[in-house]
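Raw work25.cif, mmCIF, C-alpha atoms:
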```
data_entry
loop_
_atom_site.group_PDB
_atom_site.id
_atom_site.type_symbol
_atom_site.label_atom_id
_atom_site.label_comp_id
_atom_site.auth_asym_id
_atom_site.auth_seq_id
_atom_site.Cartn_x
_atom_site.Cartn_y
_atom_site.Cartn_z
ATOM 1 C CA MET B 197 -58.893 44.684 23.049
ATOM 2 C CA ALA B 198 -56.356 43.468 25.590
ATOM 3 C CA ASP B 199 -55.973 46.992 26.946
ATOM 4 C CA GLU B 200 -59.743 47.297 27.307
ATOM 5 C CA ASP B 201 -59.842 44.004 29.183
ATOM 6 C CA GLU B 202 -57.218 45.237 31.596
ATOM 7 C CA GLN B 203 -59.129 48.456 32.176
ATOM 8 C CA VAL B 204 -62.202 46.445 33.091
ATOM 9 C CA THR B 205 -60.315 44.577 35.772
ATOM 10 C CA GLU B 206 -59.220 47.817 37.433
ATOM 11 C CA LYS B 207 -62.763 49.041 38.088
ATOM 12 C CA PRO B 208 -64.205 48.453 41.560
ATOM 13 C CA PHE B 209 -66.687 45.586 41.700
ATOM 14 C CA PRO B 210 -68.604 45.468 44.997
ATOM 15 C CA GLY B 211 -68.168 42.063 46.591
ATOM 16 C CA PHE B 212 -65.607 40.900 44.022
ATOM 17 C CA ASP B 213 -62.031 40.325 45.159
ATOM 18 C CA ILE B 214 -60.090 40.892 41.953
ATOM 19 C CA THR B 215 -56.697 40.673 43.638
ATOM 20 C CA LYS B 216 -56.866 36.885 44.010
ATOM 21 C CA PRO B 217 -57.817 34.256 41.443
ATOM 22 C CA SER B 218 -61.282 32.771 41.750
ATOM 23 C CA ILE B 219 -61.815 29.083 41.096
ATOM 24 C CA ALA B 220 -65.079 29.793 39.278
ATOM 25 C CA ARG B 221 -63.660 32.581 37.123
ATOM 26 C CA THR B 222 -60.471 30.658 36.287
ATOM 27 C CA TYR B 223 -62.538 27.654 35.247
ATOM 28 C CA ASP B 224 -64.619 30.002 33.080
ATOM 29 C CA TYR B 225 -61.427 31.285 31.435
ATOM 30 C CA LEU B 226 -60.081 27.790 30.769
ATOM 31 C CA LEU B 227 -63.366 26.881 29.065
ATOM 32 C CA GLY B 228 -63.168 29.938 26.828
ATOM 33 C CA GLY B 229 -65.533 32.189 28.787
ATOM 34 C CA LYS B 230 -65.315 35.953 29.210
ATOM 35 C CA ASP B 231 -66.412 36.414 32.827
ATOM 36 C CA ASN B 232 -62.963 36.612 34.392
ATOM 37 C CA PHE B 233 -60.325 39.111 35.451
ATOM 38 C CA ALA B 234 -56.617 39.511 34.770
ATOM 39 C CA VAL B 235 -55.672 37.661 37.955
ATOM 40 C CA ASP B 236 -57.804 34.688 36.891
ATOM 41 C CA ARG B 237 -56.300 34.640 33.412
ATOM 42 C CA ALA B 238 -52.790 34.803 34.845
ATOM 43 C CA PHE B 239 -53.550 31.802 37.036
ATOM 44 C CA GLY B 240 -55.143 29.929 34.143
ATOM 45 C CA ASP B 241 -52.159 30.720 31.930
ATOM 46 C CA LYS B 242 -49.922 28.823 34.348
ATOM 47 C CA PHE B 243 -51.755 25.689 33.316
ATOM 48 C CA ILE B 244 -51.936 26.609 29.622
ATOM 49 C CA LYS B 245 -48.306 27.704 29.202
ATOM 50 C CA GLU B 246 -46.398 25.839 31.877
ATOM 51 C CA LEU B 247 -48.356 22.590 31.811
ATOM 52 C CA PRO B 248 -49.297 21.913 28.184
ATOM 53 C CA GLY B 249 -52.228 19.547 27.869
ATOM 54 C CA SER B 250 -53.756 20.473 31.209
ATOM 55 C CA LEU B 251 -56.801 21.994 29.482
ATOM 56 C CA ASP B 252 -57.983 18.410 29.109
ATOM 57 C CA ILE B 253 -58.942 18.575 32.793
ATOM 58 C CA PRO B 254 -61.672 21.270 32.625
ATOM 59 C CA ARG B 255 -62.891 20.000 29.253
ATOM 60 C CA ASP B 256 -63.195 16.405 30.433
ATOM 61 C CA ASN B 257 -64.852 17.576 33.636
ATOM 62 C CA ARG B 258 -67.500 19.544 31.726
ATOM 63 C CA GLY B 259 -68.101 16.593 29.411
ATOM 64 C CA VAL B 260 -68.633 14.069 32.178
ATOM 65 C CA LEU B 261 -71.000 16.398 34.020
ATOM 66 C CA ILE B 262 -73.140 16.734 30.892
ATOM 67 C CA ARG B 263 -73.247 12.955 30.442
ATOM 68 C CA ALA B 264 -74.090 12.342 34.084
ATOM 69 C CA VAL B 265 -76.999 14.796 34.109
ATOM 70 C CA ARG B 266 -78.328 13.375 30.846
ATOM 71 C CA GLU B 267 -78.079 9.868 32.277
ATOM 72 C CA LEU B 268 -79.966 10.853 35.417
ATOM 73 C CA VAL B 269 -82.821 12.671 33.736
ATOM 74 C CA THR B 270 -83.337 10.033 31.036
ATOM 75 C CA ASN B 271 -82.806 6.793 32.971
ATOM 76 C CA THR B 272 -83.727 7.524 36.612
ATOM 77 C CA PRO B 273 -86.651 9.181 38.451
ATOM 78 C CA VAL B 274 -84.440 12.139 39.435
ATOM 79 C CA ARG B 275 -85.791 15.514 38.334
ATOM 80 C CA GLN B 276 -84.158 17.674 41.033
ATOM 81 C CA PHE B 277 -80.531 18.764 41.067
ATOM 82 C CA ILE B 278 -78.409 20.706 43.552
ATOM 83 C CA ASP B 279 -75.121 21.791 41.973
ATOM 84 C CA LEU B 280 -72.739 22.684 44.802
ATOM 85 C CA GLY B 281 -69.990 25.063 43.717
ATOM 86 C CA SER B 282 -71.506 25.367 40.263
ATOM 87 C CA GLY B 283 -69.201 28.071 38.932
ATOM 88 C CA LEU B 284 -70.061 30.485 36.150
ATOM 89 C CA PRO B 285 -72.582 29.590 33.440
ATOM 90 C CA SER B 286 -70.908 27.639 30.665
ATOM 91 C CA SER B 287 -72.003 25.732 27.607
ATOM 92 C CA ASP B 288 -74.629 23.119 28.451
ATOM 93 C CA ASN B 289 -75.275 23.929 32.091
ATOM 94 C CA VAL B 290 -77.007 21.419 34.336
ATOM 95 C CA HIS B 291 -80.421 23.044 33.869
ATOM 96 C CA GLN B 292 -80.015 23.184 30.094
ATOM 97 C CA VAL B 293 -79.209 19.488 29.880
ATOM 98 C CA ALA B 294 -81.907 18.404 32.343
ATOM 99 C CA GLN B 295 -84.659 20.654 30.996
ATOM 100 C CA ARG B 296 -83.902 19.623 27.431
ATOM 101 C CA PHE B 297 -85.338 16.236 28.358
ATOM 102 C CA ASP B 298 -87.822 17.384 30.996
ATOM 103 C CA PRO B 299 -88.770 21.093 31.104
ATOM 104 C CA ASP B 300 -90.076 20.617 34.650
ATOM 105 C CA ALA B 301 -86.699 19.511 36.035
ATOM 106 C CA LYS B 302 -85.640 21.654 39.017
ATOM 107 C CA VAL B 303 -82.073 22.932 39.447
ATOM 108 C CA VAL B 304 -80.406 24.865 42.268
ATOM 109 C CA TYR B 305 -76.969 26.338 41.587
ATOM 110 C CA VAL B 306 -74.832 27.179 44.609
ATOM 111 C CA ASP B 307 -71.609 29.193 44.587
ATOM 112 C CA ASN B 308 -69.878 31.633 46.923
ATOM 113 C CA ASP B 309 -68.530 33.903 44.173
ATOM 114 C CA PRO B 310 -70.765 36.997 43.819
ATOM 115 C CA ILE B 311 -70.081 37.204 40.089
ATOM 116 C CA VAL B 312 -71.645 33.743 39.717
ATOM 117 C CA LEU B 313 -74.747 34.998 41.491
ATOM 118 C CA ALA B 314 -74.968 38.106 39.299
ATOM 119 C CA HIS B 315 -74.532 36.310 35.989
ATOM 120 C CA GLY B 316 -76.587 33.302 36.969
ATOM 121 C CA ARG B 317 -79.583 35.327 38.084
ATOM 122 C CA ALA B 318 -79.475 37.433 34.938
ATOM 123 C CA MET B 319 -79.354 34.342 32.747
ATOM 124 C CA LEU B 320 -82.140 32.584 34.651
ATOM 125 C CA ALA B 321 -84.451 35.537 35.220
ATOM 126 C CA GLU B 322 -87.279 33.875 33.292
ATOM 127 C CA ASN B 323 -86.626 30.270 34.304
ATOM 128 C CA GLU B 324 -88.968 29.477 37.187
ATOM 129 C CA ASN B 325 -87.529 25.994 37.686
ATOM 130 C CA THR B 326 -83.937 27.113 38.299
ATOM 131 C CA ILE B 327 -82.412 29.357 40.945
ATOM 132 C CA VAL B 328 -78.925 30.512 41.912
ATOM 133 C CA ILE B 329 -77.991 31.123 45.522
ATOM 134 C CA GLN B 330 -74.801 32.566 46.955
ATOM 135 C CA ALA B 331 -73.543 30.241 49.660
ATOM 136 C CA ASP B 332 -70.482 28.276 50.687
ATOM 137 C CA LEU B 333 -70.711 24.540 50.067
ATOM 138 C CA ARG B 334 -68.851 24.073 53.363
ATOM 139 C CA GLU B 335 -71.976 25.366 55.132
ATOM 140 C CA PRO B 336 -74.527 22.800 53.958
ATOM 141 C CA LYS B 337 -77.201 23.535 56.543
ATOM 142 C CA ALA B 338 -77.478 27.131 55.325
ATOM 143 C CA ILE B 339 -77.951 25.815 51.796
ATOM 144 C CA TYR B 340 -80.482 23.210 52.859
ATOM 145 C CA ASP B 341 -82.508 25.759 54.803
ATOM 146 C CA GLN B 342 -82.729 27.978 51.706
ATOM 147 C CA VAL B 343 -83.797 25.330 49.207
ATOM 148 C CA ALA B 344 -85.892 22.865 51.216
ATOM 149 C CA GLY B 345 -89.515 23.362 50.308
ATOM 150 C CA GLU B 346 -88.802 26.349 48.039
ATOM 151 C CA LEU B 347 -87.751 24.517 44.911
ATOM 152 C CA ILE B 348 -86.493 21.155 46.143
ATOM 153 C CA ASP B 349 -88.791 18.502 47.595
ATOM 154 C CA PHE B 350 -86.564 16.277 49.705
ATOM 155 C CA ALA B 351 -89.307 13.664 49.895
ATOM 156 C CA GLN B 352 -88.512 12.946 46.229
ATOM 157 C CA PRO B 353 -85.213 11.799 44.651
ATOM 158 C CA VAL B 354 -82.535 14.473 44.363
ATOM 159 C CA ALA B 355 -79.147 14.512 42.638
ATOM 160 C CA ILE B 356 -76.377 16.179 44.638
ATOM 161 C CA ILE B 357 -73.556 17.389 42.388
ATOM 162 C CA PHE B 358 -69.990 17.955 43.552
ATOM 163 C CA SER B 359 -68.437 18.746 40.177
ATOM 164 C CA ALA B 360 -64.744 19.508 40.723
ATOM 165 C CA THR B 361 -65.438 21.040 44.131
ATOM 166 C CA LEU B 362 -64.563 18.556 46.884
ATOM 167 C CA HIS B 363 -60.881 18.780 45.976
ATOM 168 C CA HIS B 364 -61.048 22.427 47.039
ATOM 169 C CA VAL B 365 -62.156 21.337 50.515
ATOM 170 C CA ASN B 366 -59.189 20.583 52.742
ATOM 171 C CA ASP B 367 -59.103 17.558 55.012
ATOM 172 C CA ASP B 368 -59.554 19.647 58.159
ATOM 173 C CA GLU B 369 -62.799 21.017 56.686
ATOM 174 C CA ASP B 370 -64.288 17.507 56.702
ATOM 175 C CA PRO B 371 -65.285 16.906 53.061
ATOM 176 C CA ALA B 372 -66.668 13.478 54.016
ATOM 177 C CA GLY B 373 -68.916 15.253 56.513
ATOM 178 C CA LEU B 374 -70.326 17.402 53.711
ATOM 179 C CA VAL B 375 -71.224 14.305 51.734
ATOM 180 C CA ARG B 376 -72.718 12.707 54.848
ATOM 181 C CA PHE B 377 -74.874 15.792 55.489
ATOM 182 C CA TRP B 378 -76.550 15.474 52.104
ATOM 183 C CA HIS B 379 -76.763 11.688 52.343
ATOM 184 C CA ASP B 380 -78.813 12.063 55.517
ATOM 185 C CA ARG B 381 -81.300 14.432 53.845
ATOM 186 C CA ILE B 382 -82.021 12.727 50.530
ATOM 187 C CA VAL B 383 -84.279 9.724 50.054
ATOM 188 C CA SER B 384 -83.203 6.302 48.831
ATOM 189 C CA GLY B 385 -82.903 6.302 45.073
ATOM 190 C CA SER B 386 -81.270 9.732 45.079
ATOM 191 C CA TYR B 387 -77.863 10.180 43.490
ATOM 192 C CA LEU B 388 -74.478 11.708 44.183
ATOM 193 C CA PHE B 389 -72.182 12.841 41.372
ATOM 194 C CA VAL B 390 -68.539 13.568 42.171
ATOM 195 C CA SER B 391 -65.649 14.603 39.970
ATOM 196 C CA HIS B 392 -62.334 15.132 41.680
ATOM 197 C CA PHE B 393 -58.654 15.803 41.063
ATOM 198 C CA ARG B 394 -57.000 12.406 41.132
ATOM 199 C CA SER B 395 -53.519 11.845 42.449
ATOM 200 C CA GLU B 396 -51.415 9.029 41.072
ATOM 201 C CA ASN B 397 -48.598 9.968 43.454
ATOM 202 C CA ASP B 398 -46.356 10.845 40.536
ATOM 203 C CA PRO B 399 -44.571 14.016 39.339
ATOM 204 C CA ARG B 400 -47.416 15.099 37.015
ATOM 205 C CA SER B 401 -50.101 15.297 39.689
ATOM 206 C CA GLN B 402 -47.656 16.714 42.237
ATOM 207 C CA GLU B 403 -46.668 19.519 39.850
ATOM 208 C CA LEU B 404 -50.287 20.529 39.245
ATOM 209 C CA GLU B 405 -51.052 20.386 42.940
ATOM 210 C CA GLN B 406 -48.163 22.744 43.686
ATOM 211 C CA VAL B 407 -49.484 25.277 41.151
ATOM 212 C CA LEU B 408 -52.953 25.115 42.684
ATOM 213 C CA GLN B 409 -51.730 25.439 46.248
ATOM 214 C CA GLY B 410 -49.358 28.274 45.381
ATOM 215 C CA SER B 411 -52.045 30.416 43.777
ATOM 216 C CA LEU B 412 -55.198 29.590 45.718
ATOM 217 C CA GLY B 413 -53.725 28.398 48.986
ATOM 218 C CA ARG B 414 -56.017 25.382 49.018
ATOM 219 C CA GLY B 415 -56.701 22.170 47.201
ATOM 220 C CA ARG B 416 -56.338 18.499 47.989
ATOM 221 C CA TRP B 417 -55.587 15.936 45.330
ATOM 222 C CA ARG B 418 -56.735 12.522 46.477
ATOM 223 C CA THR B 419 -56.053 8.951 45.479
ATOM 224 C CA ASP B 420 -58.851 6.730 44.197
ATOM 225 C CA GLU B 421 -59.131 5.145 47.624
ATOM 226 C CA GLU B 422 -59.397 8.551 49.312
ATOM 227 C CA ILE B 423 -62.040 9.757 46.857
ATOM 228 C CA ARG B 424 -64.192 6.670 47.396
ATOM 229 C CA ALA B 425 -63.784 7.064 51.150
ATOM 230 C CA LEU B 426 -65.488 10.480 50.975
ATOM 231 C CA LEU B 427 -68.779 8.689 50.272
ATOM 232 C CA GLY B 428 -68.769 6.786 53.548
ATOM 233 C CA GLU B 429 -71.557 4.257 54.085
ATOM 234 C CA GLY B 430 -74.910 4.289 52.367
ATOM 235 C CA PHE B 431 -73.967 4.900 48.736
ATOM 236 C CA THR B 432 -73.373 2.339 46.000
ATOM 237 C CA ILE B 433 -71.109 3.474 43.178
ATOM 238 C CA GLU B 434 -72.611 2.618 39.802
ATOM 239 C CA GLU B 435 -70.768 1.255 36.785
ATOM 240 C CA PRO B 436 -68.153 1.906 35.562
ATOM 241 C CA GLY B 437 -67.061 2.965 39.054
ATOM 242 C CA LEU B 438 -64.544 5.700 39.755
ATOM 243 C CA VAL B 439 -62.729 6.214 36.463
ATOM 244 C CA PRO B 440 -61.008 9.026 34.556
ATOM 245 C CA ALA B 441 -63.691 11.520 33.531
ATOM 246 C CA ALA B 442 -62.972 11.045 29.830
ATOM 247 C CA LEU B 443 -63.928 7.375 30.125
ATOM 248 C CA TRP B 444 -67.090 7.655 32.213
ATOM 249 C CA ARG B 445 -69.965 6.413 30.008
ATOM 250 C CA ASN B 446 -68.419 8.146 27.045
ATOM 251 C CA PRO B 447 -69.322 6.664 23.636
ATOM 252 C CA ASP B 448 -66.475 8.704 22.150
ATOM 253 C CA ALA B 449 -63.894 7.817 24.776
ATOM 254 C CA PRO B 450 -60.293 8.178 23.624
ATOM 255 C CA GLU B 451 -58.399 4.980 22.985
ATOM 256 C CA ASP B 452 -55.390 6.324 24.858
ATOM 257 C CA LEU B 453 -55.648 8.837 27.680
ATOM 258 C CA GLY B 454 -53.364 11.826 27.767
ATOM 259 C CA ASP B 455 -51.268 12.341 30.875
ATOM 260 C CA TYR B 456 -53.565 15.002 32.275
ATOM 261 C CA GLN B 457 -56.748 13.117 31.459
ATOM 262 C CA ARG B 458 -55.763 10.613 34.120
ATOM 263 C CA LEU B 459 -55.829 13.337 36.746
ATOM 264 C CA ILE B 460 -59.569 14.074 36.869
ATOM 265 C CA ALA B 461 -61.891 11.218 37.825
ATOM 266 C CA ALA B 462 -65.644 10.892 38.213
ATOM 267 C CA LEU B 463 -68.273 8.654 39.765
ATOM 268 C CA LEU B 464 -72.036 8.390 40.108
ATOM 269 C CA ALA B 465 -73.468 6.761 43.229
ATOM 270 C CA ILE B 466 -76.999 5.916 44.315
ATOM 271 C CA LYS B 467 -78.239 6.172 47.892
ATOM 272 C CA ASP B 468 -79.129 2.717 49.198
#
```

Give the structure from the file, written as structure tokens.
Amino acid sequence: MADEDEQVTEKPFPGFDITKPSIARTYDYLLGGKDNFAVDRAFGDKFIKELPGSLDIPRDNRGVLIRAVRELVTNTPVRQFIDLGSGLPSSDNVHQVAQRFDPDAKVVYVDNDPIVLAHGRAMLAENENTIVIQADLREPKAIYDQVAGELIDFAQPVAIIFSATLHHVNDDEDPAGLVRFWHDRIVSGSYLFVSHFRSENDPRSQELEQVLQGSLGRGRWRTDEEIRALLGEGFTIEEPGLVPAALWRNPDAPEDLGDYQRLIAALLAIKD
């Protein structure tokens, strides 16, 4: 089977760069998915083999996203979601969670990896309330122009999701400006969900950051203060604030966090 997998990665895939690891495909691999190539698995194995316990990060991130979407669709008026940098389909996607409680909930997935577009569109071919578009989250106007009026009504509350994506936006690419763009286009009562690599300025987070930078050439781990600063003015962070993802509104929260569980944090904020 391993040999067959390797043969698959050697075939030409139009639009797919299989010489460099993809964030979306590596995340898929770490969550046990099959939509990845040898280069993605090699990158993921650095975390699995060299940094034991680091799989807590993608698992906790998926768990907090599920809880946040469930919270929004059951306890707020939000029925529209834009998932920026959504990655490959995985267990309990945003649309699955939202539409479980309200079949009319609208979801837009956005990613710049063509394999995400291919798999997402195939999976959602018969779901009229969910679309996948190929775009770069660093170009928000292009995204807005595609979704405004087509599936998303910006006169109604919208949830903007940055699930483990803003830490892949370097400082010189103005991540706070991306948040501000969406803030200025959603109505009061809309929400912003953010999960983000969290730096405690210690050897553990520094070691992971070096692995990420060495393989992808980008990534910015931020302190709690820096993460909160990305929101700027006009958002109020809801309880319990910015906390490790494993603890965010989790009825089964661990009593003691593992070392790596401290390194992914999440928040939910409402537009004032």

Go through the shown structure with the PyMOL selection byres ((chain B and resi 313) around 10) and write out the matching residues as a PDB file with C-alpha atoms, in the frame of the given file.
```pdb
ATOM      1  CA  GLY B 283     -69.201  28.071  38.932  1.00  0.00           C
ATOM      2  CA  LEU B 284     -70.061  30.485  36.150  1.00  0.00           C
ATOM      3  CA  PRO B 285     -72.582  29.590  33.440  1.00  0.00           C
ATOM      4  CA  TYR B 305     -76.969  26.338  41.587  1.00  0.00           C
ATOM      5  CA  VAL B 306     -74.832  27.179  44.609  1.00  0.00           C
ATOM      6  CA  ASP B 307     -71.609  29.193  44.587  1.00  0.00           C
ATOM      7  CA  ASN B 308     -69.878  31.633  46.923  1.00  0.00           C
ATOM      8  CA  ASP B 309     -68.530  33.903  44.173  1.00  0.00           C
ATOM      9  CA  PRO B 310     -70.765  36.997  43.819  1.00  0.00           C
ATOM     10  CA  ILE B 311     -70.081  37.204  40.089  1.00  0.00           C
ATOM     11  CA  VAL B 312     -71.645  33.743  39.717  1.00  0.00           C
ATOM     12  CA  ALA B 314     -74.968  38.106  39.299  1.00  0.00           C
ATOM     13  CA  HIS B 315     -74.532  36.310  35.989  1.00  0.00           C
ATOM     14  CA  GLY B 316     -76.587  33.302  36.969  1.00  0.00           C
ATOM     15  CA  ARG B 317     -79.583  35.327  38.084  1.00  0.00           C
ATOM     16  CA  ALA B 318     -79.475  37.433  34.938  1.00  0.00           C
ATOM     17  CA  MET B 319     -79.354  34.342  32.747  1.00  0.00           C
ATOM     18  CA  ILE B 327     -82.412  29.357  40.945  1.00  0.00           C
ATOM     19  CA  VAL B 328     -78.925  30.512  41.912  1.00  0.00           C
ATOM     20  CA  ILE B 329     -77.991  31.123  45.522  1.00  0.00           C
ATOM     21  CA  GLN B 330     -74.801  32.566  46.955  1.00  0.00           C
ATOM     22  CA  ALA B 331     -73.543  30.241  49.660  1.00  0.00           C
TER      23      ALA B 331
END
```

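Reported to one decimal place, the separation of atom CA of Ile253 of chain B from atom CA of Pro440 of chain B is 9.9 Å.
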
**Request:** Give me the residues within 7 Å of Ser386 of chain B as a list in words, counting all atoms listed in the file and dropping any in the same chain fewer than 2 places off.
**Result:**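 Neighbouring residues, sequence-local ones excluded: Val274, Pro353, Val354, Ala355, Ile382, Val383, Ser384, Ile466 and Lys467 of chain B.
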
How would the residues just picked look written out with C-alpha atoms as a PDB file, in the coordinates of the input?
```pdb
ATOM      1  CA  VAL B 274     -84.440  12.139  39.435  1.00  0.00           C
ATOM      2  CA  PRO B 353     -85.213  11.799  44.651  1.00  0.00           C
ATOM      3  CA  VAL B 354     -82.535  14.473  44.363  1.00  0.00           C
ATOM      4  CA  ALA B 355     -79.147  14.512  42.638  1.00  0.00           C
ATOM      5  CA  ILE B 382     -82.021  12.727  50.530  1.00  0.00           C
ATOM      6  CA  VAL B 383     -84.279   9.724  50.054  1.00  0.00           C
ATOM      7  CA  SER B 384     -83.203   6.302  48.831  1.00  0.00           C
ATOM      8  CA  ILE B 466     -76.999   5.916  44.315  1.00  0.00           C
ATOM      9  CA  LYS B 467     -78.239   6.172  47.892  1.00  0.00           C
TER      10      LYS B 467
END
```

**Residues near Gly430 of chain B, cut-off 10 Å, only C-alpha atoms, skip fewer than 3 positions along chain, as a PyMOL selection string** = chain B and resi 376+379-380+384+427+433+465-468

**Item:** Selection result of the PyMOL selection byres ((chain B and resi 268) around 12) on this file, as a PyMOL selection string
**Value:** chain B and resi 261-267+269-277+290+293-295+297-298+301+353-357+385-389+434+464-466

Since the input lacks some atoms of segment 292-300 of chain B, please model all heavy atoms and print them as a PDB file, in the frame of the given file.
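Generated file (rebuild-v1.pdb):
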```pdb
ATOM      1  N   GLN B 292     -79.779  23.304  31.527  1.00  0.00           N
ATOM      2  CA  GLN B 292     -80.015  23.184  30.094  1.00  0.00           C
ATOM      3  C   GLN B 292     -80.092  21.723  29.670  1.00  0.00           C
ATOM      4  O   GLN B 292     -80.942  21.338  28.871  1.00  0.00           O
ATOM      5  CB  GLN B 292     -78.911  23.906  29.323  1.00  0.00           C
ATOM      6  CG  GLN B 292     -78.963  25.423  29.482  1.00  0.00           C
ATOM      7  CD  GLN B 292     -77.752  26.105  28.885  1.00  0.00           C
ATOM      8  OE1 GLN B 292     -76.644  25.577  28.920  1.00  0.00           O
ATOM      9  NE2 GLN B 292     -77.961  27.293  28.344  1.00  0.00           N
ATOM     10  N   VAL B 293     -79.202  20.909  30.210  1.00  0.00           N
ATOM     11  CA  VAL B 293     -79.209  19.488  29.880  1.00  0.00           C
ATOM     12  C   VAL B 293     -80.470  18.824  30.434  1.00  0.00           C
ATOM     13  O   VAL B 293     -81.193  18.129  29.708  1.00  0.00           O
ATOM     14  CB  VAL B 293     -77.951  18.791  30.430  1.00  0.00           C
ATOM     15  CG1 VAL B 293     -78.006  17.294  30.139  1.00  0.00           C
ATOM     16  CG2 VAL B 293     -76.692  19.408  29.843  1.00  0.00           C
ATOM     17  N   ALA B 294     -80.758  19.057  31.715  1.00  0.00           N
ATOM     18  CA  ALA B 294     -81.907  18.404  32.343  1.00  0.00           C
ATOM     19  C   ALA B 294     -83.223  18.839  31.716  1.00  0.00           C
ATOM     20  O   ALA B 294     -84.091  18.006  31.407  1.00  0.00           O
ATOM     21  CB  ALA B 294     -81.907  18.696  33.841  1.00  0.00           C
ATOM     22  N   GLN B 295     -83.379  20.136  31.499  1.00  0.00           N
ATOM     23  CA  GLN B 295     -84.659  20.654  30.996  1.00  0.00           C
ATOM     24  C   GLN B 295     -84.836  20.410  29.508  1.00  0.00           C
ATOM     25  O   GLN B 295     -85.943  20.539  28.986  1.00  0.00           O
ATOM     26  CB  GLN B 295     -84.786  22.131  31.348  1.00  0.00           C
ATOM     27  CG  GLN B 295     -84.932  22.342  32.853  1.00  0.00           C
ATOM     28  CD  GLN B 295     -84.826  23.794  33.287  1.00  0.00           C
ATOM     29  OE1 GLN B 295     -84.718  24.706  32.464  1.00  0.00           O
ATOM     30  NE2 GLN B 295     -84.842  24.020  34.592  1.00  0.00           N
ATOM     31  N   ARG B 296     -83.774  20.034  28.830  1.00  0.00           N
ATOM     32  CA  ARG B 296     -83.902  19.623  27.431  1.00  0.00           C
ATOM     33  C   ARG B 296     -84.733  18.347  27.335  1.00  0.00           C
ATOM     34  O   ARG B 296     -85.474  18.146  26.372  1.00  0.00           O
ATOM     35  CB  ARG B 296     -82.508  19.398  26.843  1.00  0.00           C
ATOM     36  CG  ARG B 296     -82.477  19.079  25.350  1.00  0.00           C
ATOM     37  CD  ARG B 296     -81.038  18.963  24.885  1.00  0.00           C
ATOM     38  NE  ARG B 296     -80.312  20.198  25.164  1.00  0.00           N
ATOM     39  CZ  ARG B 296     -79.041  20.243  25.546  1.00  0.00           C
ATOM     40  NH1 ARG B 296     -78.355  19.121  25.736  1.00  0.00           N
ATOM     41  NH2 ARG B 296     -78.440  21.398  25.760  1.00  0.00           N
ATOM     42  N   PHE B 297     -84.600  17.496  28.352  1.00  0.00           N
ATOM     43  CA  PHE B 297     -85.338  16.236  28.358  1.00  0.00           C
ATOM     44  C   PHE B 297     -86.625  16.321  29.177  1.00  0.00           C
ATOM     45  O   PHE B 297     -87.577  15.583  28.916  1.00  0.00           O
ATOM     46  CB  PHE B 297     -84.437  15.114  28.890  1.00  0.00           C
ATOM     47  CG  PHE B 297     -83.247  14.843  28.022  1.00  0.00           C
ATOM     48  CD1 PHE B 297     -82.014  15.418  28.310  1.00  0.00           C
ATOM     49  CD2 PHE B 297     -83.343  14.038  26.901  1.00  0.00           C
ATOM     50  CE1 PHE B 297     -80.907  15.190  27.504  1.00  0.00           C
ATOM     51  CE2 PHE B 297     -82.253  13.803  26.090  1.00  0.00           C
ATOM     52  CZ  PHE B 297     -81.027  14.378  26.386  1.00  0.00           C
ATOM     53  N   ASP B 298     -86.618  17.181  30.190  1.00  0.00           N
ATOM     54  CA  ASP B 298     -87.822  17.384  30.996  1.00  0.00           C
ATOM     55  C   ASP B 298     -87.865  18.851  31.422  1.00  0.00           C
ATOM     56  O   ASP B 298     -87.146  19.250  32.334  1.00  0.00           O
ATOM     57  CB  ASP B 298     -87.818  16.474  32.225  1.00  0.00           C
ATOM     58  CG  ASP B 298     -89.123  16.555  33.006  1.00  0.00           C
ATOM     59  OD1 ASP B 298     -89.884  17.523  32.799  1.00  0.00           O
ATOM     60  OD2 ASP B 298     -89.390  15.661  33.827  1.00  0.00           O
ATOM     61  N   PRO B 299     -88.716  19.659  30.784  1.00  0.00           N
ATOM     62  CA  PRO B 299     -88.770  21.093  31.104  1.00  0.00           C
ATOM     63  C   PRO B 299     -89.122  21.388  32.559  1.00  0.00           C
ATOM     64  O   PRO B 299     -88.861  22.497  33.039  1.00  0.00           O
ATOM     65  CB  PRO B 299     -89.863  21.618  30.160  1.00  0.00           C
ATOM     66  CG  PRO B 299     -89.911  20.633  29.042  1.00  0.00           C
ATOM     67  CD  PRO B 299     -89.606  19.299  29.679  1.00  0.00           C
ATOM     68  N   ASP B 300     -89.693  20.400  33.253  1.00  0.00           N
ATOM     69  CA  ASP B 300     -90.076  20.617  34.650  1.00  0.00           C
ATOM     70  C   ASP B 300     -88.968  20.258  35.640  1.00  0.00           C
ATOM     71  O   ASP B 300     -89.170  20.364  36.855  1.00  0.00           O
ATOM     72  CB  ASP B 300     -91.330  19.799  34.985  1.00  0.00           C
ATOM     73  CG  ASP B 300     -92.553  20.303  34.226  1.00  0.00           C
ATOM     74  OD1 ASP B 300     -92.643  21.516  33.993  1.00  0.00           O
ATOM     75  OD2 ASP B 300     -93.410  19.465  33.871  1.00  0.00           O
TER      76      ASP B 300
END
```
